[in-house]
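Participant: Next up, coords.txt (compact mmCIF, N, CA and C atoms).
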```
# COMPACT_ATOMS: atom_id res chain seq x y z
N MET P 56 20.58 7.26 88.32
CA MET P 56 20.80 8.67 88.10
C MET P 56 21.52 8.87 86.76
N VAL P 57 21.05 9.82 86.00
CA VAL P 57 21.71 10.20 84.76
C VAL P 57 22.52 11.45 85.04
N CYS P 58 23.71 11.49 84.47
CA CYS P 58 24.58 12.65 84.65
C CYS P 58 25.00 13.16 83.28
N TRP P 59 25.13 14.46 83.20
CA TRP P 59 25.44 15.14 81.95
C TRP P 59 26.72 15.94 82.07
N LEU P 60 27.43 16.07 80.96
CA LEU P 60 28.55 16.99 80.86
C LEU P 60 28.01 18.23 80.17
N TYR P 61 28.04 19.36 80.87
CA TYR P 61 27.59 20.62 80.30
C TYR P 61 28.82 21.48 80.05
N GLN P 62 29.11 21.71 78.77
CA GLN P 62 30.29 22.47 78.39
C GLN P 62 29.96 23.95 78.27
N MET P 63 30.59 24.74 79.11
CA MET P 63 30.41 26.18 79.08
C MET P 63 31.55 26.78 78.25
N SER P 64 31.28 27.91 77.67
CA SER P 64 32.29 28.59 76.87
C SER P 64 32.22 30.07 77.18
N VAL P 65 33.37 30.68 77.34
CA VAL P 65 33.38 32.12 77.63
C VAL P 65 32.88 32.93 76.44
N ASN P 66 32.72 32.29 75.29
CA ASN P 66 32.24 33.00 74.10
C ASN P 66 30.81 32.62 73.74
N SER P 67 30.10 31.94 74.63
CA SER P 67 28.76 31.45 74.29
C SER P 67 27.72 32.56 74.33
N GLU P 68 26.54 32.25 73.82
CA GLU P 68 25.42 33.19 73.83
C GLU P 68 25.06 33.60 75.25
N LYS P 69 25.22 32.70 76.20
CA LYS P 69 24.95 33.00 77.60
C LYS P 69 25.82 34.14 78.08
N GLY P 70 26.97 34.31 77.45
CA GLY P 70 27.88 35.35 77.89
C GLY P 70 28.66 34.95 79.12
N TRP P 71 28.87 33.64 79.27
CA TRP P 71 29.63 33.17 80.43
C TRP P 71 30.96 33.88 80.51
N SER P 72 31.31 34.21 81.70
CA SER P 72 32.68 34.61 82.00
C SER P 72 33.00 33.86 83.28
N HIS P 73 34.27 33.66 83.52
CA HIS P 73 34.62 32.96 84.76
C HIS P 73 34.14 33.74 85.97
N SER P 74 34.26 35.06 85.93
CA SER P 74 33.85 35.87 87.09
C SER P 74 32.34 35.80 87.30
N GLU P 75 31.55 35.78 86.22
CA GLU P 75 30.09 35.68 86.37
C GLU P 75 29.71 34.32 86.95
N TYR P 76 30.31 33.25 86.44
CA TYR P 76 30.04 31.92 86.98
C TYR P 76 30.44 31.85 88.46
N GLU P 77 31.63 32.36 88.79
CA GLU P 77 32.09 32.36 90.18
C GLU P 77 31.12 33.09 91.09
N LYS P 78 30.60 34.22 90.63
CA LYS P 78 29.62 35.00 91.41
C LYS P 78 28.35 34.20 91.65
N GLU P 79 27.83 33.56 90.60
CA GLU P 79 26.59 32.79 90.74
C GLU P 79 26.77 31.64 91.73
N VAL P 80 27.90 30.96 91.68
CA VAL P 80 28.14 29.85 92.61
C VAL P 80 28.29 30.40 94.03
N ARG P 81 29.07 31.46 94.18
CA ARG P 81 29.30 32.04 95.51
C ARG P 81 27.99 32.47 96.16
N GLU P 82 27.09 33.04 95.36
CA GLU P 82 25.82 33.54 95.89
C GLU P 82 24.74 32.46 95.93
N GLY P 83 25.07 31.26 95.45
CA GLY P 83 24.09 30.17 95.47
C GLY P 83 22.92 30.40 94.54
N ILE P 84 23.16 31.07 93.44
CA ILE P 84 22.10 31.41 92.50
C ILE P 84 21.90 30.27 91.50
N PRO P 85 20.71 29.67 91.46
CA PRO P 85 20.44 28.72 90.37
C PRO P 85 20.55 29.50 89.06
N THR P 86 21.07 28.86 88.05
CA THR P 86 21.35 29.57 86.81
C THR P 86 20.79 28.84 85.60
N THR P 87 20.66 29.57 84.53
CA THR P 87 20.19 29.02 83.27
C THR P 87 21.32 29.06 82.27
N GLY P 88 21.62 27.90 81.71
CA GLY P 88 22.62 27.81 80.66
C GLY P 88 21.92 27.69 79.32
N ARG P 89 22.54 28.23 78.29
CA ARG P 89 22.02 28.11 76.94
C ARG P 89 22.87 27.11 76.19
N TYR P 90 22.29 26.51 75.19
CA TYR P 90 23.07 25.62 74.34
C TYR P 90 22.60 25.78 72.92
N ALA P 91 23.55 25.66 72.02
CA ALA P 91 23.25 25.85 70.60
C ALA P 91 23.20 24.52 69.86
N GLY P 92 23.92 23.55 70.37
CA GLY P 92 23.98 22.25 69.71
C GLY P 92 22.91 21.32 70.24
N LYS P 93 22.95 20.10 69.74
CA LYS P 93 21.99 19.13 70.21
C LYS P 93 22.50 18.44 71.47
N VAL P 94 21.59 17.84 72.19
CA VAL P 94 21.94 17.04 73.35
C VAL P 94 22.38 15.68 72.83
N VAL P 95 23.58 15.25 73.23
CA VAL P 95 24.10 13.98 72.76
C VAL P 95 23.80 12.91 73.81
N SER P 96 22.84 12.05 73.48
CA SER P 96 22.42 10.98 74.38
C SER P 96 21.77 9.89 73.56
N GLU P 97 21.92 8.66 74.01
CA GLU P 97 21.28 7.55 73.33
C GLU P 97 19.87 7.30 73.85
N HIS P 98 19.55 7.85 75.03
CA HIS P 98 18.31 7.45 75.68
C HIS P 98 17.32 8.57 75.95
N ARG P 99 17.79 9.75 76.34
CA ARG P 99 16.84 10.73 76.86
C ARG P 99 17.40 12.13 76.83
N LYS P 100 16.60 13.05 77.30
CA LYS P 100 16.99 14.46 77.46
C LYS P 100 17.18 14.71 78.96
N PRO P 101 17.88 15.79 79.30
CA PRO P 101 18.05 16.10 80.73
C PRO P 101 16.69 16.30 81.41
N GLN P 102 16.62 15.86 82.66
CA GLN P 102 15.39 15.98 83.45
C GLN P 102 15.71 16.50 84.83
N LYS P 103 14.72 17.10 85.45
CA LYS P 103 14.86 17.59 86.82
C LYS P 103 15.35 16.45 87.71
N GLY P 104 16.36 16.75 88.52
CA GLY P 104 16.92 15.75 89.43
C GLY P 104 18.16 15.06 88.90
N ASP P 105 18.41 15.15 87.58
CA ASP P 105 19.66 14.64 87.04
C ASP P 105 20.80 15.50 87.59
N MET P 106 22.00 15.02 87.42
CA MET P 106 23.18 15.78 87.84
C MET P 106 23.97 16.19 86.60
N ALA P 107 24.80 17.21 86.77
CA ALA P 107 25.61 17.69 85.65
C ALA P 107 27.00 18.04 86.14
N VAL P 108 27.98 17.70 85.33
CA VAL P 108 29.35 18.13 85.53
C VAL P 108 29.51 19.38 84.67
N LEU P 109 29.88 20.49 85.30
CA LEU P 109 30.06 21.75 84.59
C LEU P 109 31.52 21.88 84.18
N PHE P 110 31.71 22.24 82.94
CA PHE P 110 33.03 22.11 82.35
C PHE P 110 33.31 23.27 81.41
N PHE P 111 34.40 24.00 81.63
CA PHE P 111 34.88 24.99 80.67
C PHE P 111 35.88 24.27 79.77
N ALA P 112 35.62 24.28 78.47
CA ALA P 112 36.55 23.66 77.52
C ALA P 112 37.91 24.34 77.66
N TRP P 113 38.97 23.55 77.55
CA TRP P 113 40.31 24.10 77.75
C TRP P 113 40.88 24.75 76.50
N SER P 114 40.27 24.52 75.38
CA SER P 114 40.79 25.09 74.13
C SER P 114 40.64 26.61 74.16
N GLY P 115 41.74 27.31 74.20
CA GLY P 115 41.71 28.76 74.19
C GLY P 115 41.28 29.38 75.51
N ASP P 116 41.24 28.61 76.59
CA ASP P 116 40.78 29.12 77.88
C ASP P 116 41.80 28.76 78.95
N HIS P 117 42.40 29.74 79.55
CA HIS P 117 43.43 29.49 80.56
C HIS P 117 42.87 28.91 81.86
N LYS P 118 41.56 28.97 82.04
CA LYS P 118 40.95 28.41 83.26
C LYS P 118 39.99 27.27 82.92
N GLY P 119 40.32 26.50 81.91
CA GLY P 119 39.45 25.40 81.51
C GLY P 119 39.50 24.25 82.51
N GLY P 120 38.51 23.36 82.40
CA GLY P 120 38.46 22.17 83.24
C GLY P 120 37.11 22.01 83.92
N ILE P 121 37.03 20.99 84.77
CA ILE P 121 35.79 20.75 85.53
C ILE P 121 35.68 21.82 86.60
N CYS P 122 34.59 22.59 86.54
CA CYS P 122 34.44 23.72 87.45
C CYS P 122 33.17 23.63 88.29
N GLY P 123 32.44 22.51 88.20
CA GLY P 123 31.24 22.42 89.03
C GLY P 123 30.54 21.09 88.93
N TRP P 124 29.70 20.87 89.93
CA TRP P 124 28.82 19.71 90.06
C TRP P 124 27.46 20.30 90.38
N ALA P 125 26.44 19.98 89.59
CA ALA P 125 25.16 20.66 89.74
C ALA P 125 23.98 19.72 89.57
N GLU P 126 22.86 20.12 90.18
CA GLU P 126 21.61 19.41 89.99
C GLU P 126 20.82 20.11 88.88
N VAL P 127 20.29 19.32 87.96
CA VAL P 127 19.46 19.87 86.89
C VAL P 127 18.10 20.22 87.48
N LEU P 128 17.68 21.46 87.29
CA LEU P 128 16.38 21.92 87.78
C LEU P 128 15.32 21.91 86.69
N GLY P 129 15.76 21.97 85.44
CA GLY P 129 14.81 21.96 84.34
C GLY P 129 15.54 22.01 83.01
N TYR P 130 14.81 21.66 81.97
CA TYR P 130 15.37 21.62 80.61
C TYR P 130 14.26 22.01 79.65
N ASP P 131 14.53 22.95 78.76
CA ASP P 131 13.54 23.39 77.79
C ASP P 131 14.16 23.30 76.39
N GLU P 132 13.77 22.26 75.69
CA GLU P 132 14.35 22.02 74.36
C GLU P 132 14.00 23.14 73.38
N GLU P 133 12.76 23.64 73.44
CA GLU P 133 12.34 24.70 72.52
C GLU P 133 13.13 25.98 72.73
N GLN P 134 13.38 26.32 73.99
CA GLN P 134 14.12 27.55 74.31
C GLN P 134 15.63 27.37 74.24
N GLY P 135 16.07 26.11 74.24
CA GLY P 135 17.51 25.84 74.23
C GLY P 135 18.17 26.20 75.54
N THR P 136 17.48 25.87 76.65
CA THR P 136 18.01 26.21 77.97
C THR P 136 18.02 25.00 78.90
N ILE P 137 18.94 25.04 79.83
CA ILE P 137 18.99 24.06 80.90
C ILE P 137 19.24 24.84 82.19
N ASP P 138 18.42 24.58 83.21
CA ASP P 138 18.55 25.24 84.50
C ASP P 138 19.24 24.29 85.45
N PHE P 139 20.17 24.82 86.23
CA PHE P 139 20.85 23.97 87.19
C PHE P 139 21.25 24.76 88.42
N GLU P 140 21.47 24.02 89.49
CA GLU P 140 21.90 24.60 90.76
C GLU P 140 23.21 23.96 91.17
N PRO P 141 24.30 24.73 91.18
CA PRO P 141 25.59 24.16 91.58
C PRO P 141 25.56 23.64 93.02
N LYS P 142 26.22 22.51 93.22
CA LYS P 142 26.34 21.86 94.52
C LYS P 142 27.81 21.74 94.87
N GLU P 143 28.08 21.35 96.11
CA GLU P 143 29.47 21.11 96.52
C GLU P 143 30.03 19.96 95.70
N PRO P 144 31.25 20.07 95.24
CA PRO P 144 32.33 21.01 95.58
C PRO P 144 32.47 22.19 94.62
N SER P 145 31.36 22.68 94.05
CA SER P 145 31.43 23.76 93.06
C SER P 145 32.08 25.02 93.62
N ASP P 146 31.87 25.30 94.92
CA ASP P 146 32.43 26.51 95.50
C ASP P 146 33.96 26.51 95.38
N HIS P 147 34.56 25.36 95.59
CA HIS P 147 36.02 25.24 95.44
C HIS P 147 36.42 25.19 93.97
N LEU P 148 35.67 24.44 93.18
CA LEU P 148 36.01 24.24 91.77
C LEU P 148 35.88 25.50 90.94
N LYS P 149 35.02 26.42 91.36
CA LYS P 149 34.79 27.64 90.57
C LYS P 149 36.07 28.44 90.39
N VAL P 150 36.96 28.38 91.37
CA VAL P 150 38.23 29.12 91.26
C VAL P 150 39.42 28.19 91.03
N ASN P 151 39.19 26.89 91.20
CA ASN P 151 40.25 25.89 91.01
C ASN P 151 39.75 24.75 90.14
N PRO P 152 39.45 25.02 88.86
CA PRO P 152 38.95 23.94 88.00
C PRO P 152 39.98 22.81 87.91
N ILE P 153 39.46 21.61 87.75
CA ILE P 153 40.33 20.45 87.63
C ILE P 153 40.56 20.16 86.15
N LEU P 154 41.82 20.23 85.76
CA LEU P 154 42.18 19.90 84.39
C LEU P 154 43.54 19.21 84.42
N ASN P 155 43.52 17.93 84.14
CA ASN P 155 44.75 17.15 84.04
C ASN P 155 44.57 16.17 82.89
N ASP P 156 45.55 15.32 82.66
CA ASP P 156 45.45 14.39 81.54
C ASP P 156 44.26 13.44 81.66
N THR P 157 43.94 13.03 82.89
CA THR P 157 42.80 12.13 83.10
C THR P 157 41.49 12.82 82.73
N VAL P 158 41.31 14.06 83.18
CA VAL P 158 40.10 14.82 82.85
C VAL P 158 40.01 15.05 81.34
N LYS P 159 41.11 15.40 80.72
CA LYS P 159 41.11 15.60 79.26
C LYS P 159 40.69 14.32 78.55
N ASP P 160 41.25 13.19 78.96
CA ASP P 160 40.92 11.91 78.33
C ASP P 160 39.45 11.56 78.52
N ILE P 161 38.95 11.70 79.74
CA ILE P 161 37.55 11.35 80.02
C ILE P 161 36.60 12.26 79.24
N THR P 162 36.86 13.57 79.25
CA THR P 162 35.94 14.48 78.56
C THR P 162 36.00 14.31 77.04
N LYS P 163 37.14 13.94 76.51
CA LYS P 163 37.21 13.63 75.07
C LYS P 163 36.35 12.42 74.75
N LYS P 164 36.40 11.40 75.59
CA LYS P 164 35.58 10.20 75.37
C LYS P 164 34.10 10.52 75.47
N ILE P 165 33.72 11.32 76.46
CA ILE P 165 32.30 11.69 76.62
C ILE P 165 31.81 12.46 75.40
N ARG P 166 32.63 13.37 74.90
CA ARG P 166 32.21 14.24 73.79
C ARG P 166 32.26 13.54 72.43
N ARG P 167 32.82 12.35 72.38
CA ARG P 167 32.77 11.49 71.19
C ARG P 167 33.13 12.19 69.88
N GLY P 168 34.09 13.10 69.94
CA GLY P 168 34.50 13.79 68.74
C GLY P 168 33.68 15.03 68.41
N PHE P 169 32.61 15.29 69.15
CA PHE P 169 31.76 16.47 68.94
C PHE P 169 32.15 17.54 69.96
N PHE P 170 33.26 18.21 69.72
CA PHE P 170 33.81 19.13 70.71
C PHE P 170 33.12 20.48 70.75
N GLN P 171 32.29 20.80 69.77
CA GLN P 171 31.61 22.09 69.74
C GLN P 171 30.21 22.03 70.34
N GLY P 172 29.78 20.90 70.84
CA GLY P 172 28.46 20.78 71.44
C GLY P 172 28.41 21.37 72.83
N ASN P 173 27.30 21.14 73.52
CA ASN P 173 27.15 21.67 74.86
C ASN P 173 26.81 20.63 75.91
N ILE P 174 25.97 19.64 75.56
CA ILE P 174 25.47 18.72 76.58
C ILE P 174 25.59 17.28 76.08
N TRP P 175 26.27 16.47 76.88
CA TRP P 175 26.44 15.06 76.58
C TRP P 175 26.04 14.22 77.79
N GLU P 176 25.35 13.12 77.54
CA GLU P 176 25.10 12.16 78.62
C GLU P 176 26.42 11.46 78.94
N ILE P 177 26.72 11.33 80.21
CA ILE P 177 27.95 10.68 80.63
C ILE P 177 27.67 9.19 80.82
N PRO P 178 28.35 8.33 80.06
CA PRO P 178 28.15 6.88 80.23
C PRO P 178 28.57 6.45 81.64
N PRO P 179 27.88 5.46 82.21
CA PRO P 179 28.21 5.02 83.58
C PRO P 179 29.68 4.67 83.79
N ASN P 180 30.33 4.07 82.80
CA ASN P 180 31.73 3.69 82.97
C ASN P 180 32.66 4.90 83.06
N LEU P 181 32.22 6.06 82.59
CA LEU P 181 33.02 7.28 82.69
C LEU P 181 32.58 8.17 83.85
N LEU P 182 31.37 7.92 84.36
CA LEU P 182 30.89 8.71 85.50
C LEU P 182 31.65 8.38 86.77
N LEU P 183 31.93 7.11 86.99
CA LEU P 183 32.62 6.71 88.22
C LEU P 183 33.96 7.43 88.39
N PRO P 184 34.83 7.44 87.38
CA PRO P 184 36.09 8.16 87.58
C PRO P 184 35.90 9.66 87.81
N ILE P 185 34.90 10.27 87.19
CA ILE P 185 34.63 11.69 87.42
C ILE P 185 34.19 11.90 88.86
N ARG P 186 33.29 11.05 89.34
CA ARG P 186 32.84 11.19 90.74
C ARG P 186 34.01 11.02 91.71
N GLN P 187 34.92 10.12 91.38
CA GLN P 187 36.09 9.92 92.24
C GLN P 187 36.98 11.17 92.23
N ILE P 188 37.16 11.77 91.07
CA ILE P 188 37.94 13.00 90.96
C ILE P 188 37.31 14.11 91.79
N LEU P 189 35.97 14.23 91.72
CA LEU P 189 35.26 15.28 92.43
C LEU P 189 35.01 14.99 93.91
N GLY P 190 35.09 13.71 94.27
CA GLY P 190 34.81 13.34 95.66
C GLY P 190 33.33 13.38 96.00
N VAL P 191 32.48 13.07 95.00
CA VAL P 191 31.02 13.08 95.23
C VAL P 191 30.44 11.70 94.98
```
Mind converting the file's structure to structure tokens?

Facilitator:
Amino acid sequence: MVCWLYQMSVNSEKGWSHSEYEKEVREGIPTTGRYAGKVVSEHRKPQKGDMAVLFFAWSGDHKGGICGWAEVLGYDEEQGTIDFEPKEPSDHLKVNPILNDTVKDITKKIRRGFFQGNIWEIPPNLLLPIRQILGV
């Protein structure tokens, strides 16, 4: 299984807001995320059935952190979109994002210095600690 870090921003083209994201998760609505940067991966692009860690960057955001675990439903490179369906424990994480020193350290390593991007492949050695944090 390949897993991705999808960085959401309250200032993105998608128009994410915490309340809009919370509503979509609460209602079980599959959603489409937009991305402006490139997908950072050594091997591939996101594919249906992959998993994604949903993450609000903490810079300038009082509710930053890991806010969801989702299944990738589709990816359209030409349109700059990724479709995903939040899974458990997203219902809890939507209002209680996880942000601590461990999460900051792991997400910095995943983003490899490219903090303004949107989608990064999570290396296997960093996926295990994230799964342990999320309990999935």

Participant: For Gln62 of chain P, which of P:Val94, P:Ile165, P:Ala112, P:Leu182 is the closest residue, counting only N, CA and C atoms?

Facilitator: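 Going through P:Val94, P:Ile165, P:Ala112, P:Leu182 one by one, the smallest distance to Gln62 of chain P is for P:Ala112.
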
Participant: Based on DSSP run over this structure's backbone, return all residues of segment 58-178 of chain P in alpha helix (DSSP H), as a PyMOL selection string.

Facilitator: chain P and resi 73-81+145-148+156-166

Participant: Within 7 Å of (25.8, 17.9, 84.3) (file coordinates; only N, CA and C atoms), which protein or nucleic acid residues are there? I'd like them as a ChimeraX atom specification.

Facilitator: /P:58-61,105-109,124-127

Participant: One number please: atom N of Lys159 of chain P to atom CA of Lys103 of chain P, in Å, one decimal.

Facilitator: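 Distance reported for this atom pair: 27.0 Å.
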
Participant: Counting only N, CA and C atoms, which of P:Thr86, P:Asn151, P:Ser72, P:Gln171 gets nearest to Ile137 of chain P?

Facilitator: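 Smallest distance to Ile137 of chain P is found for P:Thr86.
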
Participant: Would you mind telling me which residue in P:Pro141, P:Arg99, P:His147, P:Asn173 lies nearest to Glu79 of chain P when using all atoms listed in the file?

Facilitator: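 Comparing P:Pro141, P:Arg99, P:His147, P:Asn173 against Glu79 of chain P, the winner is P:Pro141.
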
Participant: When distances are computed from only C-alpha atoms, which of P:Pro101, P:Pro144, P:Gly190, P:Pro178 shows the smallest separation from Arg166 of chain P?

Facilitator: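 Residue with the minimum atom-to-atom distance to Arg166 of chain P: P:Pro178.
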
Participant: Find the residues around Val158 of chain P up to 8 Å (all atoms listed in the file counted), leave out those fewer than 6 positions away in its own chain, and share them as a ChimeraX atom specification.

Facilitator: /P:120-121,164,185

Participant: Which residue gives the smallest distance to Glu77 of chain P among P:Asp146, P:Thr157, P:Leu183, P:Gly168, with all atoms listed in the file counted?

Facilitator: P:Asp146

Participant: Rebuild segment 138-152 of chain P to N, CA, C and O atoms - output it as a PDB file, in the coordinates of the input, please.

Facilitator:
```pdb
ATOM      1  N   ASP P 138      18.420  24.580  83.210  1.00  0.00           N
ATOM      2  CA  ASP P 138      18.550  25.240  84.500  1.00  0.00           C
ATOM      3  C   ASP P 138      19.240  24.290  85.450  1.00  0.00           C
ATOM      4  O   ASP P 138      18.903  23.095  85.500  1.00  0.00           O
ATOM      5  N   PHE P 139      20.170  24.820  86.230  1.00  0.00           N
ATOM      6  CA  PHE P 139      20.850  23.970  87.190  1.00  0.00           C
ATOM      7  C   PHE P 139      21.250  24.760  88.420  1.00  0.00           C
ATOM      8  O   PHE P 139      21.336  25.991  88.401  1.00  0.00           O
ATOM      9  N   GLU P 140      21.470  24.020  89.490  1.00  0.00           N
ATOM     10  CA  GLU P 140      21.900  24.600  90.760  1.00  0.00           C
ATOM     11  C   GLU P 140      23.210  23.960  91.170  1.00  0.00           C
ATOM     12  O   GLU P 140      23.252  22.765  91.459  1.00  0.00           O
ATOM     13  N   PRO P 141      24.300  24.730  91.180  1.00  0.00           N
ATOM     14  CA  PRO P 141      25.590  24.160  91.580  1.00  0.00           C
ATOM     15  C   PRO P 141      25.560  23.640  93.020  1.00  0.00           C
ATOM     16  O   PRO P 141      24.946  24.236  93.899  1.00  0.00           O
ATOM     17  N   LYS P 142      26.220  22.510  93.220  1.00  0.00           N
ATOM     18  CA  LYS P 142      26.340  21.860  94.520  1.00  0.00           C
ATOM     19  C   LYS P 142      27.810  21.740  94.870  1.00  0.00           C
ATOM     20  O   LYS P 142      28.683  21.950  94.049  1.00  0.00           O
ATOM     21  N   GLU P 143      28.080  21.350  96.110  1.00  0.00           N
ATOM     22  CA  GLU P 143      29.470  21.110  96.520  1.00  0.00           C
ATOM     23  C   GLU P 143      30.030  19.960  95.700  1.00  0.00           C
ATOM     24  O   GLU P 143      29.316  19.016  95.422  1.00  0.00           O
ATOM     25  N   PRO P 144      31.250  20.070  95.240  1.00  0.00           N
ATOM     26  CA  PRO P 144      32.330  21.010  95.580  1.00  0.00           C
ATOM     27  C   PRO P 144      32.470  22.190  94.620  1.00  0.00           C
ATOM     28  O   PRO P 144      33.568  22.695  94.419  1.00  0.00           O
ATOM     29  N   SER P 145      31.360  22.680  94.050  1.00  0.00           N
ATOM     30  CA  SER P 145      31.430  23.760  93.060  1.00  0.00           C
ATOM     31  C   SER P 145      32.080  25.020  93.620  1.00  0.00           C
ATOM     32  O   SER P 145      32.761  25.747  92.901  1.00  0.00           O
ATOM     33  N   ASP P 146      31.870  25.300  94.920  1.00  0.00           N
ATOM     34  CA  ASP P 146      32.430  26.510  95.500  1.00  0.00           C
ATOM     35  C   ASP P 146      33.960  26.510  95.380  1.00  0.00           C
ATOM     36  O   ASP P 146      34.567  27.538  95.100  1.00  0.00           O
ATOM     37  N   HIS P 147      34.560  25.360  95.590  1.00  0.00           N
ATOM     38  CA  HIS P 147      36.020  25.240  95.440  1.00  0.00           C
ATOM     39  C   HIS P 147      36.420  25.190  93.970  1.00  0.00           C
ATOM     40  O   HIS P 147      37.380  25.849  93.547  1.00  0.00           O
ATOM     41  N   LEU P 148      35.670  24.440  93.180  1.00  0.00           N
ATOM     42  CA  LEU P 148      36.010  24.240  91.770  1.00  0.00           C
ATOM     43  C   LEU P 148      35.880  25.500  90.940  1.00  0.00           C
ATOM     44  O   LEU P 148      36.562  25.651  89.922  1.00  0.00           O
ATOM     45  N   LYS P 149      35.020  26.420  91.360  1.00  0.00           N
ATOM     46  CA  LYS P 149      34.790  27.640  90.570  1.00  0.00           C
ATOM     47  C   LYS P 149      36.070  28.440  90.390  1.00  0.00           C
ATOM     48  O   LYS P 149      36.243  29.118  89.387  1.00  0.00           O
ATOM     49  N   VAL P 150      36.960  28.380  91.370  1.00  0.00           N
ATOM     50  CA  VAL P 150      38.230  29.120  91.260  1.00  0.00           C
ATOM     51  C   VAL P 150      39.420  28.190  91.030  1.00  0.00           C
ATOM     52  O   VAL P 150      40.520  28.641  90.743  1.00  0.00           O
ATOM     53  N   ASN P 151      39.190  26.890  91.200  1.00  0.00           N
ATOM     54  CA  ASN P 151      40.250  25.890  91.010  1.00  0.00           C
ATOM     55  C   ASN P 151      39.750  24.750  90.140  1.00  0.00           C
ATOM     56  O   ASN P 151      39.603  23.621  90.616  1.00  0.00           O
ATOM     57  N   PRO P 152      39.450  25.020  88.860  1.00  0.00           N
ATOM     58  CA  PRO P 152      38.950  23.940  88.000  1.00  0.00           C
ATOM     59  C   PRO P 152      39.980  22.810  87.910  1.00  0.00           C
ATOM     60  O   PRO P 152      41.180  23.056  88.001  1.00  0.00           O
TER      61      PRO P 152
END
```
